[in-house]
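A short write-up of the structure that comes next.
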Amino acid sequence: QVQLAESGGALVQPGGSLRLSCAASGFTFNNYAMNWYRRAPEKERELVATITRGGGATNYADSVKGRFTISRDNAKNRVYLQMNSLKPEDTAVYYCNVLWGARNYWGQGTQVTVAS
């Protein structure tokens with residue numbers, strides 16, 4: 001079955017960097033676009049970044065454009081989110097996502113906290 005497992009979340013100071021990783025299994029990874037979402041406390045879930053199946057195109061939420069970079073390694077079945085210049089408002093649980101078989105799949109999430 002489809003499984004997604006995020007890692008890399010941590011407590012980081014404003015202005016710092018983190019790299020999130022998502023390990024995918026149970027489907028043909030290089031056939032699907034992948035997404036990163038986040039959910040901050042008392043806020044709606046937000047689409048942060050998307051990468052096409054080959055990695056040739058990416059898209060970002062305006063709130064992270066220029067600071068975050070999504071990438072993927074199809075040989076390793078992994079998708080990454082490099083987060084730079086982190087701000088307190090980036091604090092959230094970050095989720096990896098794939099739309100497979102007309103159904104959305106999510107990992108368990110990884111907590112990112114940006115605070116001094």
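To be explicit about the labels: the chains of the structure tokens are called A, B, and onward in the order shown, and within each one the residues are counted from 1, while ligands get numbers from 1 in the order they are shown.
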Using only C-alpha atoms, which residues sit within 10 Å of A:Tyr80 once same-chain residues fewer than 3 positions away are excluded, as a list of chain:residue names?
-> A:Glu6, A:Ser7, A:Gly8, A:Arg19, A:Leu20, A:Ser21, A:Cys22, A:Ala23, A:Met34, A:Asn35, A:Trp36, A:Ile51, A:Thr69, A:Ile70, A:Ser71, A:Arg72, A:Asp73, A:Met83, A:Cys96
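Counting only C-alpha atoms, the residue from A:Ala92, A:Val112, A:Ala75, A:Leu11 that sits nearest to A:Thr28 is A:Ala75.
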Hey, what's within 9 Å of A:Ala61 if we count only C-alpha atoms and toss same-chain stuff fewer than 6 positions away? As a PyMOL selection string, please?
-> chain A and resi 46-49
Could the residues in this selection be written to a file with all heavy atoms, as a compact mmCIF listing (two decimals), in the first residue's frame?
```
# COMPACT_ATOMS: atom_id res chain seq x y z
N GLU A 46 -2.29 24.13 4.13
CA GLU A 46 -1.80 24.97 3.03
C GLU A 46 -0.87 24.16 2.13
O GLU A 46 0.04 23.48 2.63
CB GLU A 46 -1.03 26.17 3.61
CG GLU A 46 -0.38 27.08 2.57
CD GLU A 46 0.50 28.15 3.19
OE1 GLU A 46 0.91 28.01 4.35
OE2 GLU A 46 0.77 29.15 2.49
N LEU A 47 -1.09 24.26 0.82
CA LEU A 47 -0.18 23.65 -0.13
C LEU A 47 1.07 24.52 -0.20
O LEU A 47 0.99 25.69 -0.57
CB LEU A 47 -0.83 23.52 -1.50
CG LEU A 47 0.05 23.00 -2.64
CD1 LEU A 47 0.58 21.61 -2.33
CD2 LEU A 47 -0.73 23.00 -3.95
N VAL A 48 2.21 23.94 0.10
CA VAL A 48 3.47 24.68 0.17
C VAL A 48 4.24 24.61 -1.16
O VAL A 48 4.71 25.62 -1.66
CB VAL A 48 4.35 24.15 1.31
CG1 VAL A 48 5.71 24.82 1.32
CG2 VAL A 48 3.65 24.35 2.65
N ALA A 49 4.36 23.38 -1.69
CA ALA A 49 5.17 23.20 -2.88
C ALA A 49 4.76 21.93 -3.62
O ALA A 49 4.31 20.98 -2.99
CB ALA A 49 6.65 23.13 -2.52
```
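Taking only C-alpha atoms, the non-local environment of A:Ala24 within 10 Å (same-chain residues fewer than 4 positions away omitted) comprises A:Val2, A:Gln3, A:Leu4, A:Ala5, A:Glu6, A:Thr28, A:Phe29, A:Met34, A:Asn74, A:Lys76, A:Asn77, A:Arg78, A:Val79, A:Cys96, A:Asn97, A:Val98, A:Gly107.
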Taking all heavy atoms for each residue, export the selection above as a CSV table (one decimal), in the first residue's frame.
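Generated output (out.csv):
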```
chain,number,residue,atom,x,y,z
A,2,VAL,N,0.3,2.4,-0.4
A,2,VAL,CA,1.0,3.6,-0.4
A,2,VAL,C,1.4,4.1,1.0
A,2,VAL,O,0.6,4.1,1.9
A,2,VAL,CB,0.1,4.7,-1.1
A,2,VAL,CG1,0.8,6.1,-1.0
A,2,VAL,CG2,-0.2,4.4,-2.5
A,3,GLN,N,2.7,4.4,1.1
A,3,GLN,CA,3.1,4.9,2.4
A,3,GLN,C,4.1,6.0,2.2
A,3,GLN,O,4.9,6.0,1.3
A,3,GLN,CB,3.9,3.8,3.2
A,3,GLN,CG,3.0,2.7,3.7
A,3,GLN,CD,3.7,1.7,4.6
A,3,GLN,OE1,4.8,1.3,4.4
A,3,GLN,NE2,3.0,1.2,5.6
A,4,LEU,N,3.9,7.0,3.0
A,4,LEU,CA,4.7,8.2,3.0
A,4,LEU,C,5.2,8.5,4.4
A,4,LEU,O,4.5,8.4,5.4
A,4,LEU,CB,4.0,9.4,2.5
A,4,LEU,CG,3.3,9.3,1.1
A,4,LEU,CD1,2.4,10.5,0.9
A,4,LEU,CD2,4.4,9.3,0.1
A,5,ALA,N,6.5,8.7,4.6
A,5,ALA,CA,7.1,9.0,5.9
A,5,ALA,C,8.0,10.2,5.9
A,5,ALA,O,9.1,10.1,5.2
A,5,ALA,CB,7.9,7.7,6.3
A,6,GLU,N,7.6,11.2,6.6
A,6,GLU,CA,8.4,12.4,6.6
A,6,GLU,C,9.4,12.4,7.8
A,6,GLU,O,9.1,11.7,8.8
A,6,GLU,CB,7.4,13.7,6.8
A,6,GLU,CG,6.3,13.9,5.8
A,6,GLU,CD,5.0,13.2,6.2
A,6,GLU,OE1,5.1,12.2,7.0
A,6,GLU,OE2,4.0,13.6,5.7
A,28,THR,N,4.5,3.6,-8.0
A,28,THR,CA,5.6,3.9,-8.9
A,28,THR,C,5.9,5.4,-8.8
A,28,THR,O,5.3,6.2,-9.4
A,28,THR,CB,5.2,3.5,-10.3
A,28,THR,OG1,4.8,2.1,-10.3
A,28,THR,CG2,6.4,3.7,-11.2
A,29,PHE,N,6.9,5.6,-7.9
A,29,PHE,CA,7.1,7.0,-7.5
A,29,PHE,C,7.4,8.0,-8.6
A,29,PHE,O,6.8,9.1,-8.6
A,29,PHE,CB,8.4,7.0,-6.6
A,29,PHE,CG,8.8,8.3,-6.0
A,29,PHE,CD1,8.0,8.9,-5.0
A,29,PHE,CD2,9.9,9.0,-6.5
A,29,PHE,CE1,8.4,10.1,-4.4
A,29,PHE,CE2,10.2,10.2,-5.9
A,29,PHE,CZ,9.5,10.8,-4.9
A,34,MET,N,4.5,15.1,-6.7
A,34,MET,CA,4.5,15.1,-5.2
A,34,MET,C,4.3,16.5,-4.6
A,34,MET,O,4.7,17.5,-5.3
A,34,MET,CB,5.8,14.5,-4.7
A,34,MET,CG,6.1,13.1,-5.1
A,34,MET,SD,4.9,11.9,-4.4
A,34,MET,CE,5.2,12.1,-2.7
A,74,ASN,N,14.3,10.3,-7.8
A,74,ASN,CA,13.4,9.2,-8.2
A,74,ASN,C,14.1,7.9,-8.0
A,74,ASN,O,13.5,6.8,-7.9
A,74,ASN,CB,13.0,9.4,-9.6
A,74,ASN,CG,11.9,10.4,-9.8
A,74,ASN,OD1,11.3,10.8,-8.8
A,74,ASN,ND2,11.6,10.9,-11.0
A,76,LYS,N,15.8,7.1,-5.4
A,76,LYS,CA,15.6,6.8,-3.9
A,76,LYS,C,14.2,6.8,-3.5
A,76,LYS,O,13.9,6.6,-2.3
A,76,LYS,CB,16.5,7.7,-3.1
A,76,LYS,CG,18.0,7.6,-3.3
A,76,LYS,CD,18.8,8.5,-2.4
A,76,LYS,CE,20.3,8.3,-2.6
A,76,LYS,NZ,21.0,9.2,-1.8
A,77,ASN,N,13.3,7.2,-4.3
A,77,ASN,CA,11.9,7.4,-4.0
A,77,ASN,C,11.7,8.4,-2.8
A,77,ASN,O,11.0,8.1,-1.8
A,77,ASN,CB,11.2,6.0,-3.6
A,77,ASN,CG,10.9,5.1,-4.8
A,77,ASN,OD1,11.3,5.4,-5.9
A,77,ASN,ND2,10.2,4.0,-4.5
A,78,ARG,N,12.4,9.5,-3.0
A,78,ARG,CA,12.3,10.5,-1.9
A,78,ARG,C,12.0,11.9,-2.5
A,78,ARG,O,12.4,12.2,-3.6
A,78,ARG,CB,13.6,10.5,-1.2
A,78,ARG,CG,13.8,9.4,-0.2
A,78,ARG,CD,15.0,9.6,0.7
A,78,ARG,NE,15.1,8.5,1.7
A,78,ARG,CZ,14.7,8.6,2.9
A,78,ARG,NH1,14.2,9.8,3.3
A,78,ARG,NH2,14.8,7.6,3.8
A,79,VAL,N,11.3,12.7,-1.7
A,79,VAL,CA,11.1,14.0,-2.1
A,79,VAL,C,11.5,14.9,-0.9
A,79,VAL,O,11.4,14.4,0.3
A,79,VAL,CB,9.6,14.3,-2.4
A,79,VAL,CG1,8.7,14.0,-1.3
A,79,VAL,CG2,9.4,15.7,-2.9
A,96,CYS,N,3.9,15.3,3.6
A,96,CYS,CA,4.2,14.9,2.2
A,96,CYS,C,2.8,14.3,1.7
A,96,CYS,O,2.1,13.7,2.4
A,96,CYS,CB,5.2,13.8,2.3
A,96,CYS,SG,5.7,13.1,0.7
A,97,ASN,N,2.6,14.5,0.4
A,97,ASN,CA,1.3,14.1,-0.2
A,97,ASN,C,1.5,13.6,-1.6
A,97,ASN,O,2.3,14.2,-2.4
A,97,ASN,CB,0.4,15.3,-0.1
A,97,ASN,CG,-0.8,15.2,-1.0
A,97,ASN,OD1,-0.8,15.6,-2.2
A,97,ASN,ND2,-1.9,14.5,-0.5
A,98,VAL,N,0.7,12.6,-1.9
A,98,VAL,CA,0.5,12.2,-3.3
A,98,VAL,C,-0.9,11.9,-3.6
A,98,VAL,O,-1.6,11.3,-2.7
A,98,VAL,CB,1.4,11.0,-3.6
A,98,VAL,CG1,1.0,9.7,-2.8
A,98,VAL,CG2,1.5,10.6,-5.1
A,107,GLY,N,1.6,11.4,4.8
A,107,GLY,CA,2.4,10.8,5.8
A,107,GLY,C,1.9,11.3,7.2
A,107,GLY,O,0.8,11.9,7.3
```
Non-local contacts of A:Ala115 (9 Å; only C-alpha atoms; under 2 positions in same chain excluded) as number ranges by chain | A: 11-14, 87-88, 91, 113
Could you give me, as number ranges by chain, the residues within 9 Å of A:Asp90, counting only C-alpha atoms and dropping anything in the same chain fewer than 5 positions from it?
-> A: 38, 40, 63-64, 112-114
